[in-house]
file coords21.cif (mmCIF, C-alpha atoms)
data_run
#
loop_
_atom_site.group_PDB
_atom_site.id
_atom_site.type_symbol
_atom_site.label_atom_id
_atom_site.label_comp_id
_atom_site.auth_asym_id
_atom_site.auth_seq_id
_atom_site.Cartn_x
_atom_site.Cartn_y
_atom_site.Cartn_z
ATOM 1 C CA MET F 177 35.428 -140.287 64.126
ATOM 2 C CA LEU F 178 35.430 -136.845 65.532
ATOM 3 C CA MET F 179 37.797 -135.414 68.056
ATOM 4 C CA LYS F 180 34.764 -135.040 70.313
ATOM 5 C CA ASP F 181 34.473 -138.822 70.519
ATOM 6 C CA TYR F 182 37.960 -139.098 71.981
ATOM 7 C CA LEU F 183 37.888 -136.109 74.289
ATOM 8 C CA ASN F 184 35.124 -135.687 76.773
ATOM 9 C CA GLU F 185 34.634 -132.461 78.687
ATOM 10 C CA ASP F 186 36.758 -133.564 81.671
ATOM 11 C CA MET F 187 39.636 -134.631 79.470
ATOM 12 C CA LEU F 188 39.509 -131.376 77.543
ATOM 13 C CA ARG F 189 39.474 -129.385 80.800
ATOM 14 C CA LEU F 190 42.493 -131.365 82.042
ATOM 15 C CA LEU F 191 44.351 -130.827 78.765
ATOM 16 C CA ILE F 192 43.705 -127.068 78.724
ATOM 17 C CA ALA F 193 44.591 -126.704 82.402
ATOM 18 C CA SER F 194 47.814 -128.695 81.949
ATOM 19 C CA ALA F 195 48.919 -126.668 78.924
ATOM 20 C CA SER F 196 48.162 -123.352 80.620
ATOM 21 C CA PHE F 197 49.842 -124.553 83.837
ATOM 22 C CA ILE F 198 53.034 -125.423 81.960
ATOM 23 C CA ALA F 199 52.960 -122.070 80.150
ATOM 24 C CA ILE F 200 52.578 -120.217 83.464
ATOM 25 C CA LEU F 201 55.406 -122.270 85.020
ATOM 26 C CA VAL F 202 57.740 -121.263 82.208
ATOM 27 C CA LEU F 203 56.704 -117.613 82.506
ATOM 28 C CA VAL F 204 57.147 -117.649 86.288
ATOM 29 C CA TYR F 205 60.562 -119.281 85.880
ATOM 30 C CA PHE F 206 61.847 -116.438 83.684
ATOM 31 C CA VAL F 207 60.344 -113.742 85.932
ATOM 32 C CA TYR F 208 61.860 -115.493 88.957
ATOM 33 C CA ARG F 209 65.290 -115.661 87.300
ATOM 34 C CA PHE F 210 65.132 -111.949 86.491
ATOM 35 C CA PHE F 211 64.209 -110.907 90.036
ATOM 36 C CA PHE F 212 66.602 -113.411 91.587
ATOM 37 C CA SER F 213 69.500 -112.043 89.536
ATOM 38 C CA LEU F 214 68.648 -108.520 90.727
ATOM 39 C CA PHE F 215 68.510 -109.753 94.323
ATOM 40 C CA LYS F 216 71.780 -111.672 93.882
ATOM 41 C CA GLN F 217 73.538 -108.560 92.532
ATOM 42 C CA ARG F 218 72.354 -106.601 95.558
ATOM 43 C CA VAL F 219 73.673 -109.285 97.908
ATOM 44 C CA LEU F 220 77.011 -109.402 96.058
ATOM 45 C CA ARG F 221 77.377 -105.633 96.494
ATOM 46 C CA SER F 222 77.084 -106.072 100.266
ATOM 47 C CA ASN F 223 80.344 -108.125 100.253
ATOM 48 C CA ASN F 224 78.951 -110.536 102.847
ATOM 49 C CA ALA F 225 79.980 -114.107 102.033
ATOM 50 C CA ILE F 226 77.437 -115.702 104.371
ATOM 51 C CA SER F 227 74.573 -113.776 102.737
ATOM 52 C CA ASN F 228 75.700 -114.989 99.332
ATOM 53 C CA GLN F 229 75.758 -118.605 100.526
ATOM 54 C CA ILE F 230 72.317 -118.296 102.104
ATOM 55 C CA VAL F 231 70.873 -116.801 98.919
ATOM 56 C CA GLU F 232 72.291 -119.722 96.941
ATOM 57 C CA LEU F 233 70.863 -122.210 99.448
ATOM 58 C CA PHE F 234 67.327 -120.869 99.055
ATOM 59 C CA LYS F 235 67.429 -120.277 95.302
ATOM 60 C CA ILE F 236 65.785 -123.558 94.238
ATOM 61 C CA PRO F 237 63.514 -124.129 97.284
ATOM 62 C CA ALA F 238 61.960 -120.687 96.808
ATOM 63 C CA LEU F 239 61.168 -121.480 93.169
ATOM 64 C CA TRP F 240 59.800 -124.861 94.220
ATOM 65 C CA LEU F 241 57.512 -123.155 96.745
ATOM 66 C CA ILE F 242 56.219 -120.756 94.092
ATOM 67 C CA TYR F 243 55.539 -123.718 91.800
ATOM 68 C CA TRP F 244 53.678 -125.491 94.587
ATOM 69 C CA ILE F 245 51.466 -122.434 95.150
ATOM 70 C CA LEU F 246 50.688 -122.302 91.432
ATOM 71 C CA PHE F 247 49.881 -126.018 91.398
ATOM 72 C CA LYS F 248 47.539 -125.562 94.367
ATOM 73 C CA ILE F 249 45.748 -122.644 92.693
ATOM 74 C CA PHE F 250 45.403 -124.421 89.354
ATOM 75 C CA THR F 251 44.170 -127.598 90.986
ATOM 76 C CA HIS F 252 41.403 -125.839 92.871
ATOM 77 C CA ILE F 253 40.349 -123.509 90.063
ATOM 78 C CA PHE F 254 40.483 -125.755 87.017
ATOM 79 C CA LEU F 255 40.390 -129.338 88.247
ATOM 80 C CA SER F 256 38.030 -129.362 91.223
ATOM 81 C CA ASN F 257 35.260 -131.068 89.225
ATOM 82 C CA LEU F 258 37.379 -133.964 88.004
ATOM 83 C CA ILE F 259 37.375 -137.496 89.374
ATOM 84 C CA ILE F 260 41.115 -137.272 90.076
ATOM 85 C CA PHE F 261 40.724 -134.142 92.240
ATOM 86 C CA PRO F 262 41.125 -135.988 95.599
ATOM 87 C CA TYR F 263 44.382 -137.505 94.321
ATOM 88 C CA LEU F 264 45.622 -134.078 93.233
ATOM 89 C CA VAL F 265 44.809 -132.684 96.678
ATOM 90 C CA HIS F 266 46.824 -135.536 98.199
ATOM 91 C CA VAL F 267 49.752 -134.788 95.880
ATOM 92 C CA ASN F 268 49.465 -131.130 96.944
ATOM 93 C CA THR F 269 49.687 -132.148 100.574
ATOM 94 C CA LEU F 270 52.773 -134.275 99.939
ATOM 95 C CA LEU F 271 54.412 -131.483 97.950
ATOM 96 C CA ILE F 272 53.981 -128.970 100.764
ATOM 97 C CA ILE F 273 55.375 -131.464 103.277
ATOM 98 C CA PHE F 274 58.449 -132.035 101.120
ATOM 99 C CA SER F 275 58.812 -128.306 100.409
ATOM 100 C CA ILE F 276 58.791 -127.447 104.101
ATOM 101 C CA THR F 277 61.255 -130.277 104.712
ATOM 102 C CA TRP F 278 63.592 -128.992 102.028
ATOM 103 C CA ILE F 279 63.438 -125.441 103.358
ATOM 104 C CA SER F 280 64.036 -126.704 106.913
ATOM 105 C CA LEU F 281 67.113 -128.604 105.732
ATOM 106 C CA GLN F 282 68.366 -125.460 104.037
ATOM 107 C CA PHE F 283 67.891 -123.548 107.299
ATOM 108 C CA THR F 284 70.061 -126.095 109.091
ATOM 109 C CA LYS F 285 72.742 -125.665 106.424
ATOM 110 C CA ALA F 286 72.500 -121.878 106.729
ATOM 111 C CA GLY F 287 72.859 -122.143 110.505
ATOM 112 C CA GLU F 288 75.887 -124.385 110.038
ATOM 113 C CA TYR F 289 77.500 -121.889 107.638
ATOM 114 C CA TYR F 290 76.852 -119.064 110.071
ATOM 115 C CA LEU F 291 78.291 -120.920 113.062
ATOM 116 C CA LEU F 292 81.279 -122.315 111.150
ATOM 117 C CA ARG F 293 82.386 -118.808 110.220
ATOM 118 C CA LYS F 294 82.609 -117.848 113.901
ATOM 119 C CA PHE F 295 85.477 -120.254 114.596
ATOM 120 C CA ASP F 296 88.988 -119.949 113.235
ATOM 121 C CA ILE F 297 90.877 -123.219 113.029
ATOM 122 C CA GLU F 298 93.903 -121.552 111.457
ATOM 123 C CA THR F 299 95.284 -120.416 114.793
ATOM 124 C CA SER F 300 97.982 -122.433 116.547
ATOM 125 C CA ASP F 301 95.798 -123.217 119.588
ATOM 126 C CA ASN F 302 92.690 -124.387 117.768
ATOM 127 C CA LEU F 303 91.519 -127.201 120.041
ATOM 128 C CA LYS F 304 88.418 -125.335 121.220
ATOM 129 C CA ALA F 305 87.523 -124.253 117.670
ATOM 130 C CA ARG F 306 87.858 -127.823 116.356
ATOM 131 C CA LYS F 307 85.760 -129.099 119.247
ATOM 132 C CA ASN F 308 83.043 -126.579 118.469
ATOM 133 C CA LEU F 309 83.170 -127.401 114.752
ATOM 134 C CA THR F 310 82.714 -131.086 115.512
ATOM 135 C CA GLN F 311 79.775 -130.327 117.776
ATOM 136 C CA ILE F 312 78.177 -128.182 115.089
ATOM 137 C CA LYS F 313 78.536 -130.953 112.487
ATOM 138 C CA VAL F 314 77.095 -133.563 114.854
ATOM 139 C CA PHE F 315 74.191 -131.295 115.745
ATOM 140 C CA LYS F 316 73.510 -130.624 112.057
ATOM 141 C CA GLY F 317 73.507 -134.361 111.363
ATOM 142 C CA ILE F 318 71.069 -134.997 114.194
ATOM 143 C CA ALA F 319 68.821 -132.116 113.102
ATOM 144 C CA THR F 320 68.853 -133.312 109.493
ATOM 145 C CA THR F 321 67.961 -136.848 110.544
ATOM 146 C CA LEU F 322 65.113 -135.646 112.743
ATOM 147 C CA ILE F 323 63.731 -133.376 110.026
ATOM 148 C CA VAL F 324 63.749 -136.211 107.482
ATOM 149 C CA ILE F 325 62.186 -138.722 109.898
ATOM 150 C CA VAL F 326 59.424 -136.287 110.843
ATOM 151 C CA ALA F 327 58.775 -135.481 107.165
ATOM 152 C CA ILE F 328 58.528 -139.160 106.256
ATOM 153 C CA ALA F 329 56.245 -139.818 109.214
ATOM 154 C CA ILE F 330 53.962 -136.896 108.388
ATOM 155 C CA SER F 331 53.802 -137.907 104.728
ATOM 156 C CA LEU F 332 52.921 -141.462 105.790
ATOM 157 C CA LEU F 333 50.139 -140.032 107.946
ATOM 158 C CA THR F 334 48.476 -138.712 104.787
ATOM 159 C CA PHE F 335 47.950 -142.298 103.582
ATOM 160 C CA GLU F 336 45.161 -144.095 105.390
ATOM 161 C CA ALA F 337 46.843 -147.501 105.099
ATOM 162 C CA ALA F 338 50.178 -146.290 106.450
ATOM 163 C CA ARG F 339 48.838 -144.189 109.324
ATOM 164 C CA THR F 340 50.041 -146.600 112.031
ATOM 165 C CA ILE F 341 53.567 -146.618 110.615
ATOM 166 C CA GLY F 342 53.569 -142.823 110.504
ATOM 167 C CA VAL F 343 52.410 -142.535 114.105
ATOM 168 C CA SER F 344 55.120 -144.941 115.282
ATOM 169 C CA LEU F 345 57.788 -143.031 113.333
ATOM 170 C CA LEU F 346 56.653 -139.740 114.862
ATOM 171 C CA THR F 347 56.754 -141.319 118.309
ATOM 172 C CA SER F 348 60.270 -142.655 117.744
ATOM 173 C CA ALA F 349 61.399 -139.259 116.417
ATOM 174 C CA GLY F 350 60.026 -137.671 119.578
ATOM 175 C CA ILE F 351 61.884 -140.164 121.759
ATOM 176 C CA ILE F 352 65.099 -139.591 119.782
ATOM 177 C CA GLY F 353 64.586 -135.845 120.142
ATOM 178 C CA ILE F 354 64.265 -136.164 123.901
ATOM 179 C CA ILE F 355 67.450 -138.259 124.087
#
call {"tool": "encode", "arguments": {"input": "coords21.cif", "output": "structure tokens"}}
result
Amino acid sequence: MLMKDYLNEDMLRLLIASASFIAILVLVYFVYRFFFSLFKQRVLRSNNAISNQIVELFKIPALWLIYWILFKIFTHIFLSNLIIFPYLVHVNTLLIIFSITWISLQFTKAGEYYLLRKFDIETSDNLKARKNLTQIKVFKGIATTLIVIVAIAISLLTFEAARTIGVSLLTSAGIIGII
């Protein structure tokens, strides 16, 4: 039996696209690390602790977003003729929803870091600072919960069978947001 009997044209296209996609991901990873280390050194020279924390918060989500863009490009260029293309488009949609969710959660953490640095609880009369810190933590918890609920609801909306559950979750998140 020949290799041609086992691999049809679609399977060969998928195999070549997957191998080249993995090779590009590895290449992008090393280029990203190089440029991120240069950016990190620049931030460290600024001697701003909050900037350093924010750069660390967005280190992985930024790489994830670059990977998602590459996956989207490769899917549309190399795999648009395959039977599994609609499923890949759906996976792409879910990945962007989760990427935006992750970045939104990182923004809430960055906001928390920024606001926490404004209050000094080391002073003797720190009642107001502690009160503000508690409010910030509660607000961050509420924001995180809302972001996750909305992300789950939107991702459920992408499935035809779960559309009613997604709509009800979005409605409940809206009601919770109003409260």
call {"tool": "resolve_selection", "arguments": {"input": "coords21.cif", "expression": "the PyMOL selection byres ((chain F and resi 243) around 10)", "output": "list in words"}}
result
Phe197, Ile200, Leu201, Val204, Tyr205, Pro237, Ala238, Leu239, Trp240, Leu241, Ile242, Trp244, Ile245, Leu246, Phe247, Lys248, Ile249 and Leu271 of chain F
call {"tool": "closest_residue", "arguments": {"input": "coords21.cif", "among": "F:Ala319, F:Asn308, F:Lys235, F:Leu333", "to": "F:Thr269", "atoms": "all atoms listed in the file"}}
result
F:Leu333
call {"tool": "atom_distance", "arguments": {"input": "coords21.cif", "atom1": "atom CA of F:Ala305", "atom2": "atom CA of F:Leu292"}}
result
9.2 Å
call {"tool": "resolve_selection", "arguments": {"input": "coords21.cif", "expression": "the PyMOL selection byres ((chain F and resi 270) around 12)", "output": "PDB file with C-alpha atoms, keeping the file's coordinate frame"}}
result
ATOM      1  CA  TRP F 244      53.678-125.491  94.587  1.00  0.00           C
ATOM      2  CA  LYS F 248      47.539-125.562  94.367  1.00  0.00           C
ATOM      3  CA  TYR F 263      44.382-137.505  94.321  1.00  0.00           C
ATOM      4  CA  LEU F 264      45.622-134.078  93.233  1.00  0.00           C
ATOM      5  CA  VAL F 265      44.809-132.684  96.678  1.00  0.00           C
ATOM      6  CA  HIS F 266      46.824-135.536  98.199  1.00  0.00           C
ATOM      7  CA  VAL F 267      49.752-134.788  95.880  1.00  0.00           C
ATOM      8  CA  ASN F 268      49.465-131.130  96.944  1.00  0.00           C
ATOM      9  CA  THR F 269      49.687-132.148 100.574  1.00  0.00           C
ATOM     10  CA  LEU F 271      54.412-131.483  97.950  1.00  0.00           C
ATOM     11  CA  ILE F 272      53.981-128.970 100.764  1.00  0.00           C
ATOM     12  CA  ILE F 273      55.375-131.464 103.277  1.00  0.00           C
ATOM     13  CA  PHE F 274      58.449-132.035 101.120  1.00  0.00           C
ATOM     14  CA  SER F 275      58.812-128.306 100.409  1.00  0.00           C
ATOM     15  CA  ILE F 276      58.791-127.447 104.101  1.00  0.00           C
ATOM     16  CA  THR F 277      61.255-130.277 104.712  1.00  0.00           C
ATOM     17  CA  ALA F 327      58.775-135.481 107.165  1.00  0.00           C
ATOM     18  CA  ILE F 328      58.528-139.160 106.256  1.00  0.00           C
ATOM     19  CA  ALA F 329      56.245-139.818 109.214  1.00  0.00           C
ATOM     20  CA  ILE F 330      53.962-136.896 108.388  1.00  0.00           C
ATOM     21  CA  SER F 331      53.802-137.907 104.728  1.00  0.00           C
ATOM     22  CA  LEU F 332      52.921-141.462 105.790  1.00  0.00           C
ATOM     23  CA  LEU F 333      50.139-140.032 107.946  1.00  0.00           C
ATOM     24  CA  THR F 334      48.476-138.712 104.787  1.00  0.00           C
ATOM     25  CA  PHE F 335      47.950-142.298 103.582  1.00  0.00           C
TER      26      PHE F 335
END
call {"tool": "atom_distance", "arguments": {"input": "coords21.cif", "atom1": "atom CA of F:Leu309", "atom2": "atom CA of F:Val326"}}
result
25.7 Å
call {"tool": "closest_residue", "arguments": {"input": "coords21.cif", "among": "F:Ile318, F:Ile279, F:Met187, F:Ile341", "to": "F:Leu233", "atoms": "only C-alpha atoms"}}
result
F:Ile279
call {"tool": "closest_atom_pairs", "arguments": {"input": "coords21.cif", "of": "stretch 266-334 of chain F", "to": "stretch 214-227 of chain F", "cutoff": "9 Å", "atoms": "all atoms listed in the file", "output": "tab-separated table"}}
result
residue	atom	partner	partner_atom	distance
F:Ala286	CA	F:Ile226	CA	8.3
F:Tyr289	CA	F:Ile226	CA	7.0
F:Tyr290	CA	F:Ile226	CA	6.6
F:Arg293	CA	F:Ile226	CA	8.3
call {"tool": "atom_distance", "arguments": {"input": "coords21.cif", "atom1": "atom CA of F:Phe295", "atom2": "atom CA of F:Phe315"}}
result
15.8 Å
call {"tool": "closest_residue", "arguments": {"input": "coords21.cif", "among": "F:Leu291, F:Ile236, F:Leu191, F:Ala337", "to": "F:Lys316", "atoms": "all atoms listed in the file"}}
result
F:Leu291
call {"tool": "build_atoms", "arguments": {"input": "coords21.cif", "residues": "stretch 256-281 of chain F", "atoms": "N, CA and C atoms", "output": "PDB file, in the frame of the given file"}}
result
ATOM      1  N   SER F 256      38.806-128.953  90.052  1.00  0.00           N
ATOM      2  CA  SER F 256      38.030-129.362  91.223  1.00  0.00           C
ATOM      3  C   SER F 256      36.834-130.246  90.865  1.00  0.00           C
ATOM      4  N   ASN F 257      36.411-130.252  89.633  1.00  0.00           N
ATOM      5  CA  ASN F 257      35.260-131.068  89.225  1.00  0.00           C
ATOM      6  C   ASN F 257      35.654-132.438  88.677  1.00  0.00           C
ATOM      7  N   LEU F 258      36.929-132.704  88.590  1.00  0.00           N
ATOM      8  CA  LEU F 258      37.379-133.964  88.004  1.00  0.00           C
ATOM      9  C   LEU F 258      37.373-135.093  89.024  1.00  0.00           C
ATOM     10  N   ILE F 259      37.349-136.306  88.520  1.00  0.00           N
ATOM     11  CA  ILE F 259      37.375-137.496  89.374  1.00  0.00           C
ATOM     12  C   ILE F 259      38.715-137.595  90.112  1.00  0.00           C
ATOM     13  N   ILE F 260      39.777-137.151  89.480  1.00  0.00           N
ATOM     14  CA  ILE F 260      41.115-137.272  90.076  1.00  0.00           C
ATOM     15  C   ILE F 260      41.426-136.168  91.073  1.00  0.00           C
ATOM     16  N   PHE F 261      40.472-135.273  91.342  1.00  0.00           N
ATOM     17  CA  PHE F 261      40.724-134.142  92.240  1.00  0.00           C
ATOM     18  C   PHE F 261      41.206-134.569  93.632  1.00  0.00           C
ATOM     19  N   PRO F 262      40.603-135.585  94.281  1.00  0.00           N
ATOM     20  CA  PRO F 262      41.125-135.988  95.599  1.00  0.00           C
ATOM     21  C   PRO F 262      42.583-136.445  95.547  1.00  0.00           C
ATOM     22  N   TYR F 263      42.987-137.077  94.461  1.00  0.00           N
ATOM     23  CA  TYR F 263      44.382-137.505  94.321  1.00  0.00           C
ATOM     24  C   TYR F 263      45.303-136.297  94.143  1.00  0.00           C
ATOM     25  N   LEU F 264      44.831-135.289  93.410  1.00  0.00           N
ATOM     26  CA  LEU F 264      45.622-134.078  93.233  1.00  0.00           C
ATOM     27  C   LEU F 264      45.773-133.320  94.556  1.00  0.00           C
ATOM     28  N   VAL F 265      44.725-133.320  95.360  1.00  0.00           N
ATOM     29  CA  VAL F 265      44.809-132.684  96.678  1.00  0.00           C
ATOM     30  C   VAL F 265      45.832-133.422  97.543  1.00  0.00           C
ATOM     31  N   HIS F 266      45.849-134.750  97.432  1.00  0.00           N
ATOM     32  CA  HIS F 266      46.824-135.536  98.199  1.00  0.00           C
ATOM     33  C   HIS F 266      48.247-135.244  97.726  1.00  0.00           C
ATOM     34  N   VAL F 267      48.431-135.145  96.429  1.00  0.00           N
ATOM     35  CA  VAL F 267      49.752-134.788  95.880  1.00  0.00           C
ATOM     36  C   VAL F 267      50.151-133.404  96.376  1.00  0.00           C
ATOM     37  N   ASN F 268      49.194-132.471  96.413  1.00  0.00           N
ATOM     38  CA  ASN F 268      49.465-131.130  96.944  1.00  0.00           C
ATOM     39  C   ASN F 268      49.944-131.187  98.383  1.00  0.00           C
ATOM     40  N   THR F 269      49.301-132.013  99.176  1.00  0.00           N
ATOM     41  CA  THR F 269      49.687-132.148 100.574  1.00  0.00           C
ATOM     42  C   THR F 269      51.113-132.694 100.698  1.00  0.00           C
ATOM     43  N   LEU F 270      51.416-133.713  99.908  1.00  0.00           N
ATOM     44  CA  LEU F 270      52.773-134.275  99.939  1.00  0.00           C
ATOM     45  C   LEU F 270      53.811-133.258  99.475  1.00  0.00           C
ATOM     46  N   LEU F 271      53.472-132.488  98.451  1.00  0.00           N
ATOM     47  CA  LEU F 271      54.412-131.483  97.950  1.00  0.00           C
ATOM     48  C   LEU F 271      54.708-130.414  98.997  1.00  0.00           C
ATOM     49  N   ILE F 272      53.702-129.987  99.744  1.00  0.00           N
ATOM     50  CA  ILE F 272      53.981-128.970 100.764  1.00  0.00           C
ATOM     51  C   ILE F 272      54.806-129.563 101.901  1.00  0.00           C
ATOM     52  N   ILE F 273      54.563-130.819 102.243  1.00  0.00           N
ATOM     53  CA  ILE F 273      55.375-131.464 103.277  1.00  0.00           C
ATOM     54  C   ILE F 273      56.831-131.521 102.836  1.00  0.00           C
ATOM     55  N   PHE F 274      57.073-131.936 101.608  1.00  0.00           N
ATOM     56  CA  PHE F 274      58.449-132.035 101.120  1.00  0.00           C
ATOM     57  C   PHE F 274      59.077-130.659 100.917  1.00  0.00           C
ATOM     58  N   SER F 275      58.282-129.669 100.547  1.00  0.00           N
ATOM     59  CA  SER F 275      58.812-128.306 100.409  1.00  0.00           C
ATOM     60  C   SER F 275      59.261-127.747 101.754  1.00  0.00           C
ATOM     61  N   ILE F 276      58.434-127.933 102.765  1.00  0.00           N
ATOM     62  CA  ILE F 276      58.791-127.447 104.101  1.00  0.00           C
ATOM     63  C   ILE F 276      60.016-128.199 104.612  1.00  0.00           C
ATOM     64  N   THR F 277      60.085-129.491 104.315  1.00  0.00           N
ATOM     65  CA  THR F 277      61.255-130.277 104.712  1.00  0.00           C
ATOM     66  C   THR F 277      62.515-129.736 104.056  1.00  0.00           C
ATOM     67  N   TRP F 278      62.437-129.494 102.766  1.00  0.00           N
ATOM     68  CA  TRP F 278      63.592-128.992 102.028  1.00  0.00           C
ATOM     69  C   TRP F 278      64.036-127.640 102.577  1.00  0.00           C
ATOM     70  N   ILE F 279      63.093-126.757 102.827  1.00  0.00           N
ATOM     71  CA  ILE F 279      63.438-125.441 103.358  1.00  0.00           C
ATOM     72  C   ILE F 279      64.025-125.568 104.763  1.00  0.00           C
ATOM     73  N   SER F 280      63.487-126.477 105.565  1.00  0.00           N
ATOM     74  CA  SER F 280      64.036-126.704 106.913  1.00  0.00           C
ATOM     75  C   SER F 280      65.475-127.210 106.848  1.00  0.00           C
ATOM     76  N   LEU F 281      65.741-128.117 105.909  1.00  0.00           N
ATOM     77  CA  LEU F 281      67.113-128.604 105.732  1.00  0.00           C
ATOM     78  C   LEU F 281      68.043-127.477 105.299  1.00  0.00           C
TER      79      LEU F 281
END
